[in-house]
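Asks: This one is work-v4.tsv, TSV, C-alpha atoms and all ligand atoms.
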```
chain	number	residue	atom	x	y	z
U	1	MET	CA	0.00	0.00	0.00
U	2	THR	CA	1.29	3.46	-0.80
U	3	GLY	CA	0.17	6.95	0.02
U	4	GLN	CA	-0.95	8.63	3.17
U	5	SER	CA	-3.63	7.28	5.45
U	6	SER	CA	-6.60	9.63	5.62
U	7	ARG	CA	-6.71	9.04	9.36
U	8	SER	CA	-4.69	11.19	11.70
U	9	VAL	CA	-1.69	9.61	13.40
U	10	GLY	CA	-3.33	10.04	16.79
U	11	HIS	CA	-6.36	7.93	15.82
U	12	VAL	CA	-6.38	4.76	17.94
U	13	PRO	CA	-8.75	2.11	16.58
U	14	PRO	CA	-10.17	-0.54	18.94
U	15	GLY	CA	-8.05	-3.68	19.26
U	16	GLN	CA	-4.89	-1.87	18.26
U	17	VAL	CA	-1.82	-0.57	20.01
U	18	THR	CA	-0.30	2.88	19.66
U	19	LEU	CA	3.17	3.48	21.01
U	20	VAL	CA	3.24	7.11	22.05
U	21	GLY	CA	6.36	9.17	22.70
U	22	GLY	CA	5.54	11.24	25.76
U	23	GLY	CA	8.42	13.69	25.43
U	24	PRO	CA	10.86	14.62	28.19
U	25	GLY	CA	8.31	15.17	30.95
U	26	ALA	CA	6.61	18.49	30.26
U	27	ALA	CA	2.99	18.13	29.11
U	28	GLU	CA	3.51	21.06	26.70
U	29	LEU	CA	6.08	18.95	24.86
U	30	LEU	CA	3.57	16.22	24.01
U	31	THR	CA	2.75	16.31	20.31
U	32	ALA	CA	-0.79	16.99	19.12
U	33	ALA	CA	-0.95	13.37	17.89
U	34	ALA	CA	0.10	12.08	21.32
U	35	THR	CA	-2.58	14.17	23.00
U	36	GLU	CA	-5.21	12.86	20.58
U	37	ALA	CA	-4.18	9.23	21.08
U	38	LEU	CA	-4.37	9.65	24.87
U	39	ARG	CA	-7.77	11.30	24.66
U	40	HIS	CA	-9.19	8.22	22.88
U	41	ALA	CA	-7.37	5.55	24.87
U	42	ASP	CA	-9.15	2.84	26.91
U	43	ILE	CA	-5.92	1.59	28.46
U	44	VAL	CA	-2.70	3.52	29.05
U	45	LEU	CA	0.42	1.60	30.06
U	46	PHE	CA	2.87	4.27	31.22
U	47	ASP	CA	6.52	4.53	32.25
U	48	ARG	CA	8.28	6.38	35.01
U	49	LEU	CA	9.56	9.14	32.72
U	50	ALA	CA	6.37	9.73	30.74
U	51	PRO	CA	4.43	12.91	31.63
U	52	ASN	CA	2.46	11.23	34.41
U	53	ASP	CA	1.10	14.08	36.49
U	54	GLU	CA	-1.50	15.15	33.97
U	55	LEU	CA	-2.39	11.66	32.70
U	56	ALA	CA	-5.83	11.48	34.31
U	57	THR	CA	-6.79	14.69	32.49
U	58	LEU	CA	-5.12	13.77	29.22
U	59	ALA	CA	-6.68	10.29	29.10
U	60	PRO	CA	-10.04	10.81	30.83
U	61	ASN	CA	-11.60	7.50	29.69
U	62	ALA	CA	-8.63	5.25	30.26
U	63	THR	CA	-7.56	2.78	32.88
U	64	LEU	CA	-4.03	3.92	33.79
U	65	ILE	CA	-1.50	1.17	34.46
U	66	ASP	CA	1.93	2.04	35.90
U	67	VAL	CA	4.53	-0.31	34.41
U	68	GLY	CA	7.42	2.07	35.17
U	69	LYS	CA	10.85	0.67	35.71
U	70	ARG	CA	13.00	2.18	38.40
U	71	ALA	CA	16.68	1.36	38.82
U	72	GLY	CA	16.79	-1.94	40.70
U	73	SER	CA	13.05	-2.55	40.74
U	74	HIS	CA	10.86	-3.61	37.86
U	75	PRO	CA	7.20	-3.53	38.89
U	76	VAL	CA	6.27	-5.21	35.60
U	77	SER	CA	8.87	-7.11	33.55
U	78	GLN	CA	9.38	-6.29	29.87
U	79	THR	CA	7.63	-9.53	28.92
U	80	GLY	CA	4.84	-8.64	31.32
U	81	ILE	CA	4.42	-5.22	29.68
U	82	GLU	CA	4.25	-6.80	26.23
U	83	GLN	CA	1.72	-9.37	27.47
U	84	LEU	CA	-0.51	-6.65	28.99
U	85	MET	CA	-0.37	-4.67	25.75
U	86	VAL	CA	-1.27	-7.69	23.65
U	87	ASP	CA	-4.01	-9.00	25.98
U	88	HIS	CA	-5.81	-5.65	26.20
U	89	ALA	CA	-5.63	-5.18	22.42
U	90	LEU	CA	-6.96	-8.72	21.85
U	91	SER	CA	-9.91	-7.91	24.11
U	92	GLY	CA	-10.77	-5.03	21.78
U	93	LYS	CA	-9.40	-2.11	23.79
U	94	ARG	CA	-7.72	0.99	22.40
U	95	VAL	CA	-4.28	0.57	23.94
U	96	VAL	CA	-1.76	3.39	24.32
U	97	ARG	CA	1.72	2.45	25.41
U	98	LEU	CA	3.08	5.77	26.68
U	99	LYS	CA	6.85	6.00	26.80
U	100	GLY	CA	9.26	8.73	27.89
U	101	GLY	CA	10.85	10.81	25.14
U	102	ASP	CA	10.77	9.06	21.78
U	103	PRO	CA	9.65	5.40	21.67
U	104	TYR	CA	12.54	4.41	19.41
U	105	VAL	CA	15.36	5.97	21.45
U	106	PHE	CA	16.53	3.35	23.98
U	107	GLY	CA	12.95	2.72	25.02
U	108	ARG	CA	12.60	-0.92	23.93
U	109	GLY	CA	9.90	0.45	21.64
U	110	SER	CA	10.99	-1.72	18.78
U	111	GLU	CA	10.69	-4.85	20.93
U	112	GLU	CA	7.13	-3.85	21.83
U	113	VAL	CA	6.27	-3.26	18.16
U	114	LEU	CA	7.62	-6.74	17.35
U	115	ALA	CA	5.53	-8.25	20.16
U	116	CYS	CA	2.42	-6.75	18.53
U	117	HIS	CA	3.42	-8.10	15.12
U	118	ARG	CA	4.05	-11.56	16.58
U	119	ASN	CA	0.50	-11.56	17.91
U	120	GLY	CA	-1.10	-10.17	14.74
U	121	ILE	CA	-1.98	-6.84	16.36
U	122	ALA	CA	-1.81	-3.63	14.35
U	123	VAL	CA	0.52	-1.10	15.89
U	124	THR	CA	1.46	2.49	15.13
U	125	VAL	CA	4.23	4.63	16.58
U	126	ILE	CA	3.90	8.32	17.42
U	127	SER	CA	7.30	9.97	17.67
U	128	GLY	CA	8.06	12.04	20.74
U	129	VAL	CA	10.50	14.79	21.66
U	130	THR	CA	13.55	12.92	22.88
U	131	SER	CA	15.29	13.88	26.11
U	132	ALA	CA	18.59	13.45	24.24
U	133	ILE	CA	17.96	16.80	22.54
U	134	ALA	CA	15.36	18.52	24.71
U	135	VAL	CA	17.03	18.13	28.12
U	136	PRO	CA	20.32	19.72	26.96
U	137	ALA	CA	18.23	22.48	25.34
U	138	ALA	CA	16.41	23.03	28.64
U	139	ALA	CA	19.85	23.70	30.14
U	140	GLY	CA	20.69	26.09	27.29
U	141	ILE	CA	23.00	23.66	25.47
U	142	PRO	CA	22.77	23.29	21.67
U	143	LEU	CA	24.13	19.94	20.42
U	144	THR	CA	25.56	21.43	17.25
U	145	HIS	CA	27.11	24.81	16.50
U	146	ARG	CA	28.86	25.79	13.29
U	147	GLY	CA	32.61	25.60	13.76
U	148	MET	CA	32.30	23.77	17.06
U	149	SER	CA	30.45	20.52	16.46
U	150	HIS	CA	28.79	19.31	13.29
U	151	ALA	CA	27.52	15.99	14.62
U	152	PHE	CA	26.23	14.45	17.78
U	153	THR	CA	26.23	10.86	18.92
U	154	VAL	CA	23.64	9.62	21.38
U	155	ILE	CA	24.84	6.66	23.39
U	156	SER	CA	23.31	4.53	26.09
U	157	GLY	CA	25.28	4.28	29.31
U	158	HIS	CA	23.42	1.10	30.19
U	159	ALA	CA	26.46	-1.03	29.37
U	160	PRO	CA	30.09	0.11	29.01
U	161	LEU	CA	31.33	0.95	25.50
U	162	THR	CA	33.89	-1.27	23.84
U	163	GLU	CA	37.41	0.03	23.13
U	164	ASN	CA	36.51	0.35	19.44
U	165	GLU	CA	33.44	2.40	20.24
U	166	LEU	CA	35.44	4.70	22.52
U	167	GLU	CA	38.03	5.14	19.76
U	168	GLY	CA	35.22	5.87	17.29
U	169	LEU	CA	33.88	8.66	19.48
U	170	LYS	CA	37.36	10.13	19.80
U	171	LEU	CA	37.89	10.05	16.03
U	172	LEU	CA	34.49	11.55	15.24
U	173	GLY	CA	35.13	14.40	17.67
U	174	SER	CA	31.46	15.27	17.87
U	175	THR	CA	29.21	16.11	20.78
U	176	VAL	CA	28.49	12.99	22.85
U	177	VAL	CA	25.11	12.71	24.56
U	178	VAL	CA	24.69	9.95	27.12
U	179	LEU	CA	21.37	8.64	28.41
U	180	MET	CA	21.23	6.30	31.42
U	181	GLY	CA	24.85	7.30	32.00
U	182	VAL	CA	25.13	8.12	35.71
U	183	GLY	CA	26.03	4.58	36.78
U	184	THR	CA	28.66	4.05	34.07
U	185	LEU	CA	30.17	7.55	34.23
U	186	PRO	CA	33.45	6.23	35.75
U	187	THR	CA	34.08	3.74	32.91
U	188	LEU	CA	33.00	6.22	30.20
U	189	SER	CA	35.03	9.21	31.39
U	190	GLN	CA	38.12	7.09	32.06
U	191	GLY	CA	37.72	5.30	28.72
U	192	LEU	CA	37.45	8.56	26.75
U	193	LEU	CA	40.51	9.97	28.53
U	194	ARG	CA	42.44	6.76	27.81
U	195	HIS	CA	41.59	7.15	24.11
U	196	GLY	CA	43.05	10.65	24.06
U	197	MET	CA	40.10	12.97	24.53
U	198	SER	CA	41.12	16.22	26.19
U	199	PRO	CA	40.94	16.28	30.00
U	200	ASP	CA	39.61	19.85	29.67
U	201	LEU	CA	36.70	18.87	27.43
U	202	PRO	CA	33.56	20.34	29.02
U	203	VAL	CA	30.91	18.00	30.42
U	204	ALA	CA	27.41	18.90	31.57
U	205	ILE	CA	25.11	16.67	33.58
U	206	ILE	CA	21.49	17.72	33.53
U	207	GLU	CA	19.32	15.97	36.12
U	208	ARG	CA	15.52	15.80	36.14
U	209	GLY	CA	15.02	17.95	33.03
U	210	PHE	CA	11.78	19.95	32.90
U	211	SER	CA	11.01	19.33	36.58
U	212	ALA	CA	11.00	21.92	39.33
U	213	THR	CA	14.28	20.45	40.54
U	214	GLN	CA	16.14	20.45	37.20
U	215	ARG	CA	19.84	20.95	37.91
U	216	THR	CA	22.93	21.29	35.71
U	217	THR	CA	26.43	20.41	36.89
U	218	VAL	CA	29.21	21.63	34.59
U	219	SER	CA	32.65	20.07	34.77
U	220	THR	CA	35.43	18.69	32.58
U	221	LEU	CA	36.23	15.16	31.46
U	222	SER	CA	39.02	14.81	34.03
U	223	ALA	CA	37.09	16.37	36.95
U	224	VAL	CA	33.59	15.06	36.25
U	225	LEU	CA	33.75	12.02	38.52
U	226	ALA	CA	34.74	14.04	41.57
U	227	ASP	CA	32.32	16.87	40.71
U	228	ALA	CA	29.42	14.46	40.16
U	229	ALA	CA	30.14	12.78	43.51
U	230	THR	CA	30.34	16.14	45.32
U	231	ALA	CA	27.08	17.29	43.76
U	232	GLY	CA	25.41	13.93	44.49
U	233	VAL	CA	24.31	13.52	40.87
U	234	ARG	CA	21.55	10.94	40.38
U	235	SER	CA	19.51	9.39	37.59
U	236	PRO	CA	17.56	10.40	35.53
U	237	ALA	CA	20.12	12.64	33.90
U	238	VAL	CA	21.42	13.47	30.44
U	239	LEU	CA	25.17	13.95	30.00
U	240	VAL	CA	26.62	16.18	27.30
U	241	ILE	CA	30.33	15.90	26.53
U	242	GLY	CA	31.77	18.44	24.12
U	243	GLU	CA	32.72	22.02	23.38
U	244	VAL	CA	29.06	23.01	22.94
U	245	VAL	CA	28.71	22.91	26.74
U	246	ARG	CA	30.60	26.25	26.68
U	247	LEU	CA	27.53	27.72	24.99
U	248	ALA	CA	25.25	26.83	27.91
U	249	PHE	CA	23.35	29.95	28.76
U	250	ARG	CA	22.76	29.85	32.45
U	251	GLY	CA	20.65	32.59	33.99
U	252	ASP	CA	23.62	34.03	35.88
U	253	ASP	CA	25.76	34.53	32.74
U	254	ALA	CA	26.01	37.84	30.99
U	255	ALA	CA	24.73	37.48	27.42
U	256	GLU	CA	27.90	39.24	26.17
U	257	ASP	CA	30.07	36.51	27.73
U	258	LEU	CA	28.13	33.81	25.92
U	259	VAL	CA	28.42	35.65	22.61
U	260	ALA	CA	32.16	36.06	23.19
U	261	ARG	CA	32.57	32.34	23.92
U	262	ALA	CA	30.76	31.47	20.69
U	263	ALA	CA	32.76	34.04	18.69
U	264	ALA	CA	35.93	32.11	19.40
U	265	PHE	CA	34.53	29.33	17.20
U	266	ALA	CA	32.92	31.51	14.52
U	267	VAL	CA	33.30	30.45	10.88
U	268	ASN	CA	32.77	32.62	7.86
U	269	ASP	CA	30.32	31.47	5.23
T	301	LIG	N1	13.12	7.15	25.03
T	301	LIG	C1	13.67	8.11	25.96
T	301	LIG	C2	14.92	7.62	26.65
T	301	LIG	C3	14.71	6.37	27.49
T	301	LIG	S1	16.13	5.93	28.39
T	301	LIG	C4	13.91	9.43	25.22
T	301	LIG	O1	13.85	9.49	24.00
T	301	LIG	O2	14.11	10.44	25.91
T	301	LIG	C5	15.89	6.79	29.92
T	301	LIG	C6	16.93	7.87	30.07
T	301	LIG	O3	16.53	9.06	29.40
T	301	LIG	C7	17.16	8.34	31.51
T	301	LIG	O4	18.01	7.47	32.22
T	301	LIG	C8	17.82	9.67	31.27
T	301	LIG	O5	19.16	9.51	30.86
T	301	LIG	C9	17.04	10.18	30.08
T	301	LIG	N2	15.92	11.07	30.44
T	301	LIG	C10	14.66	10.95	30.00
T	301	LIG	N3	13.89	11.97	30.45
T	301	LIG	C11	14.72	12.75	31.20
T	301	LIG	C12	14.54	13.97	31.93
T	301	LIG	N4	13.36	14.58	31.98
T	301	LIG	N5	15.61	14.49	32.56
T	301	LIG	C13	16.81	13.89	32.52
T	301	LIG	N6	17.04	12.74	31.85
T	301	LIG	C14	16.01	12.18	31.19
```
Translate the structure of the given file into structure tokens.
Replies:
Amino acid sequence: MTGQSSRSVGHVPPGQVTLVGGGPGAAELLTAAATEALRHADIVLFDRLAPNDELATLAPNATLIDVGKRAGSHPVSQTGIEQLMVDHALSGKRVVRLKGGDPYVFGRGSEEVLACHRNGIAVTVISGVTSAIAVPAAAGIPLTHRGMSHAFTVISGHAPLTENELEGLKLLGSTVVVLMGVGTLPTLSQGLLRHGMSPDLPVAIIERGFSATQRTTVSTLSAVLADAATAGVRSPAVLVIGEVVRLAFRGDDAAEDLVARAAAFAVND
């Protein structure tokens, strides 16, 4: 089949599953399609980092099921989540699987889509605003800037990188964004230093983006372990490693200072 469906992306038919990207936590950063899918949902299976506070209002007709994983405790296993999704769809419900950020960025979204396919259930995916980009932006950090960084690599800190991967990051020389990276910060920072990245390379750790307690800790590759320990940095947090951290506009900076920092990297067209 080719061409566009005449139905909107947020339309959730009975007996089907819609994977919805909930964005980085602020209800305003839900897409219009996500809001529509939630409004029509009978069942919402939601995660810890999805925008949970407003869910009862956003999905007024739905049974809300918390399947959120917290470090060290999994209230519902991944297989259990997939089973719930499939069972509710088979019983004819409009099922929304609400995930933090974008469903296809480290969210096991693709496994959940496959589980639907295995069980003959139609599934659609609604992209969300990923924390990989939005959380740095909430701290004033652009991931690219002409003359400074023309690429960014988003990595998962869930498991340590291999030596080849560390070398690849060094060679690419781009901005590195790390999700789920608090626990593996020691191996990552030491690995990047071992592969020759500059000890002075700026690092920012942004905790709890878009919440009332959002906090940014700025350090360098060589000092980040000590600084993170002193600050008591905890998950969830997004790490940004790269020169672009110098462009972070924090409220206490003078705008002229920021412009001067950027000017050092200016390129002429
Ligand atoms: N699919 C999600 C990422 C899932 S992995 C997305 O696209 O955003 C979960 C990780 O995302 C967390 O460990 C943390 O590194 C990051 N994260 C998600 N929301 C966050 C937030 N509001 N503040 C800080 N980190 C966040």
Asks: Could you check the closest approach to U:Ala134 for each of U:Gly209, U:Gly181, U:Gly80, U:Gly191 and tell me which residue wins, using all atoms listed in the file?
Replies: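 Using all atoms listed in the file, U:Ala134 sits closest to U:Gly209.
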Asks: Using all atoms listed in the file, which protein or nucleic acid residues come within 12 Å of U:Ala226? Drop anything in the same chain fewer than 5 positions from it, and give the result as an mmCIF file with C-alpha atoms, keeping the file's coordinate frame.
Replies:
```cif
data_model
loop_
_atom_site.group_PDB
_atom_site.id
_atom_site.type_symbol
_atom_site.label_atom_id
_atom_site.label_comp_id
_atom_site.auth_asym_id
_atom_site.auth_seq_id
_atom_site.Cartn_x
_atom_site.Cartn_y
_atom_site.Cartn_z
ATOM 1 C CA LEU U 185 30.170 7.550 34.230
ATOM 2 C CA PRO U 186 33.450 6.230 35.750
ATOM 3 C CA SER U 189 35.030 9.210 31.390
ATOM 4 C CA THR U 217 26.430 20.410 36.890
ATOM 5 C CA VAL U 218 29.210 21.630 34.590
ATOM 6 C CA SER U 219 32.650 20.070 34.770
ATOM 7 C CA THR U 220 35.430 18.690 32.580
ATOM 8 C CA LEU U 221 36.230 15.160 31.460
ATOM 9 C CA ALA U 231 27.080 17.290 43.760
ATOM 10 C CA GLY U 232 25.410 13.930 44.490
ATOM 11 C CA VAL U 233 24.310 13.520 40.870
#
```
Asks: List as a ChimeraX atom specification the protein and nucleic acid residues near stretch 7-16 of chain U, meaning an atom at most 9 Å away when all atoms listed in the file are counted, but skip any in the same chain fewer than 2 places from it.
Replies: /U:4-5,18,20,32-38,40-42,86,88-96,116,121-126
Asks: Excluding stretch 164-170 of chain U and its own-chain neighbours fewer than 3 positions away, which residues fall within 7 Å of it when counting only C-alpha atoms? Please give them as a ChimeraX atom specification.
Replies: /U:161,173,191-192,195,197
Asks: Counting all atoms listed in the file, give me one row per residue of chain U with an atom at most 9 Å from an atom of ligand LIG 301 (chain T), showing the shortest contact pair and its distance in Å to one decimal, sorted by chain then residue number, as JSON lines.
Replies:
```
{"residue": "U:Gly21", "atom": "CA", "partner": "T:LIG301", "partner_atom": "N1", "distance": 7.4}
{"residue": "U:Gly22", "atom": "CA", "partner": "T:LIG301", "partner_atom": "C4", "distance": 8.6}
{"residue": "U:Gly23", "atom": "CA", "partner": "T:LIG301", "partner_atom": "O2", "distance": 6.6}
{"residue": "U:Pro24", "atom": "CA", "partner": "T:LIG301", "partner_atom": "N4", "distance": 4.5}
{"residue": "U:Gly25", "atom": "CA", "partner": "T:LIG301", "partner_atom": "N4", "distance": 5.2}
{"residue": "U:Ala26", "atom": "CA", "partner": "T:LIG301", "partner_atom": "N4", "distance": 8.0}
{"residue": "U:Leu49", "atom": "CA", "partner": "T:LIG301", "partner_atom": "N3", "distance": 5.6}
{"residue": "U:Ala50", "atom": "CA", "partner": "T:LIG301", "partner_atom": "N3", "distance": 7.9}
{"residue": "U:Lys99", "atom": "CA", "partner": "T:LIG301", "partner_atom": "N1", "distance": 6.6}
{"residue": "U:Gly100", "atom": "CA", "partner": "T:LIG301", "partner_atom": "C1", "distance": 4.9}
{"residue": "U:Gly101", "atom": "CA", "partner": "T:LIG301", "partner_atom": "C4", "distance": 3.4}
{"residue": "U:Asp102", "atom": "CA", "partner": "T:LIG301", "partner_atom": "O1", "distance": 3.8}
{"residue": "U:Pro103", "atom": "CA", "partner": "T:LIG301", "partner_atom": "N1", "distance": 5.1}
{"residue": "U:Tyr104", "atom": "CA", "partner": "T:LIG301", "partner_atom": "N1", "distance": 6.3}
{"residue": "U:Val105", "atom": "CA", "partner": "T:LIG301", "partner_atom": "N1", "distance": 4.4}
{"residue": "U:Phe106", "atom": "CA", "partner": "T:LIG301", "partner_atom": "C3", "distance": 5.0}
{"residue": "U:Gly107", "atom": "CA", "partner": "T:LIG301", "partner_atom": "N1", "distance": 4.4}
{"residue": "U:Arg108", "atom": "CA", "partner": "T:LIG301", "partner_atom": "N1", "distance": 8.2}
{"residue": "U:Gly109", "atom": "CA", "partner": "T:LIG301", "partner_atom": "N1", "distance": 8.2}
{"residue": "U:Gly128", "atom": "CA", "partner": "T:LIG301", "partner_atom": "O1", "distance": 7.1}
{"residue": "U:Val129", "atom": "CA", "partner": "T:LIG301", "partner_atom": "O1", "distance": 6.7}
{"residue": "U:Thr130", "atom": "CA", "partner": "T:LIG301", "partner_atom": "O1", "distance": 3.6}
{"residue": "U:Ser131", "atom": "CA", "partner": "T:LIG301", "partner_atom": "O2", "distance": 3.6}
{"residue": "U:Ala132", "atom": "CA", "partner": "T:LIG301", "partner_atom": "O2", "distance": 5.6}
{"residue": "U:Ile133", "atom": "CA", "partner": "T:LIG301", "partner_atom": "O2", "distance": 8.2}
{"residue": "U:Ala134", "atom": "CA", "partner": "T:LIG301", "partner_atom": "O2", "distance": 8.3}
{"residue": "U:Val135", "atom": "CA", "partner": "T:LIG301", "partner_atom": "N5", "distance": 5.9}
{"residue": "U:Pro136", "atom": "CA", "partner": "T:LIG301", "partner_atom": "C13", "distance": 8.8}
{"residue": "U:Ser156", "atom": "CA", "partner": "T:LIG301", "partner_atom": "S1", "distance": 7.7}
{"residue": "U:Gly157", "atom": "CA", "partner": "T:LIG301", "partner_atom": "O5", "distance": 8.2}
{"residue": "U:His158", "atom": "CA", "partner": "T:LIG301", "partner_atom": "O4", "distance": 8.6}
{"residue": "U:Val178", "atom": "CA", "partner": "T:LIG301", "partner_atom": "O5", "distance": 6.7}
{"residue": "U:Leu179", "atom": "CA", "partner": "T:LIG301", "partner_atom": "O5", "distance": 3.4}
{"residue": "U:Met180", "atom": "CA", "partner": "T:LIG301", "partner_atom": "O4", "distance": 3.5}
{"residue": "U:Gly181", "atom": "CA", "partner": "T:LIG301", "partner_atom": "O5", "distance": 6.2}
{"residue": "U:Val182", "atom": "CA", "partner": "T:LIG301", "partner_atom": "O5", "distance": 7.8}
{"residue": "U:Ile205", "atom": "CA", "partner": "T:LIG301", "partner_atom": "C13", "distance": 8.8}
{"residue": "U:Ile206", "atom": "CA", "partner": "T:LIG301", "partner_atom": "C13", "distance": 6.1}
{"residue": "U:Glu207", "atom": "CA", "partner": "T:LIG301", "partner_atom": "C13", "distance": 4.9}
{"residue": "U:Arg208", "atom": "CA", "partner": "T:LIG301", "partner_atom": "N5", "distance": 3.8}
{"residue": "U:Gly209", "atom": "CA", "partner": "T:LIG301", "partner_atom": "N5", "distance": 3.5}
{"residue": "U:Phe210", "atom": "CA", "partner": "T:LIG301", "partner_atom": "N4", "distance": 5.7}
{"residue": "U:Ser211", "atom": "CA", "partner": "T:LIG301", "partner_atom": "N4", "distance": 7.0}
{"residue": "U:Gln214", "atom": "CA", "partner": "T:LIG301", "partner_atom": "N5", "distance": 7.6}
{"residue": "U:Ser235", "atom": "CA", "partner": "T:LIG301", "partner_atom": "O4", "distance": 5.9}
{"residue": "U:Pro236", "atom": "CA", "partner": "T:LIG301", "partner_atom": "C8", "distance": 4.3}
{"residue": "U:Ala237", "atom": "CA", "partner": "T:LIG301", "partner_atom": "N6", "distance": 3.7}
{"residue": "U:Val238", "atom": "CA", "partner": "T:LIG301", "partner_atom": "O5", "distance": 4.6}
{"residue": "U:Leu239", "atom": "CA", "partner": "T:LIG301", "partner_atom": "O5", "distance": 7.5}
```
Asks: Restricting the calculation to all atoms listed in the file, which member of U:Glu28, U:Glu111, U:Asp66, U:Glu243 is positioned closest to U:Leu45?
Replies: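 Using all atoms listed in the file, the shortest distance to U:Leu45 belongs to U:Asp66.
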Asks: Can you work out the spacing between atom CA of U:Thr153 and atom CA of U:Val177 in Å, to one decimal?
Replies: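 So the two atoms, atom CA of U:Thr153 and atom CA of U:Val177, lie 6.0 Å apart.
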Asks: Just the residues within 10 Å of U:Ile141, please, counting all atoms listed in the file, with nothing from its chain fewer than 4 positions along; format it as a PyMOL selection string.
Replies: chain U and resi 133-137+145+204+240+244-250
Asks: Have a look at U:Glu82, U:Ser174, U:Thr184, U:Val259 and name the one nearest to U:Arg234; count only C-alpha atoms.
Replies: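 Using only C-alpha atoms, the shortest distance to U:Arg234 belongs to U:Thr184.
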Asks: Could you check how far atom CA of U:Thr144 sits from atom CA of U:Ala223, in Å to one decimal?
Replies: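 Atom-to-atom, atom CA of U:Thr144 and atom CA of U:Ala223 are spaced 23.4 Å apart.
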Asks: Hey, can you check how far atom CA of U:Ala262 sits from atom CA of U:Val176?
Replies: 18.7 Å
Asks: Build an axis-aligned box that encloses every atom of stretch 189-194 of chain U listed in the file, pad it by 5 Å on each side, and report its centre and edge lengths in Å to one decimal, as lines of an AutoDock Vina configuration file.
Replies:
```
center_x = 38.7
center_y = 7.6
center_z = 29.4
size_x = 17.4
size_y = 14.7
size_z = 15.3
```
Asks: Hey, which of U:Leu64, U:Phe152, U:Thr57, U:Ala255 ends up closest to U:Ile43? Count only C-alpha atoms.
Replies: U:Leu64
Asks: Just give me the residues with any atom within 9 Å of (-15.1, 9.5, 28.9), file coordinates, counting only C-alpha atoms, written as a list in words.
Replies: Arg39, His40, Ala59, Pro60, Asn61 and Ala62 of chain U
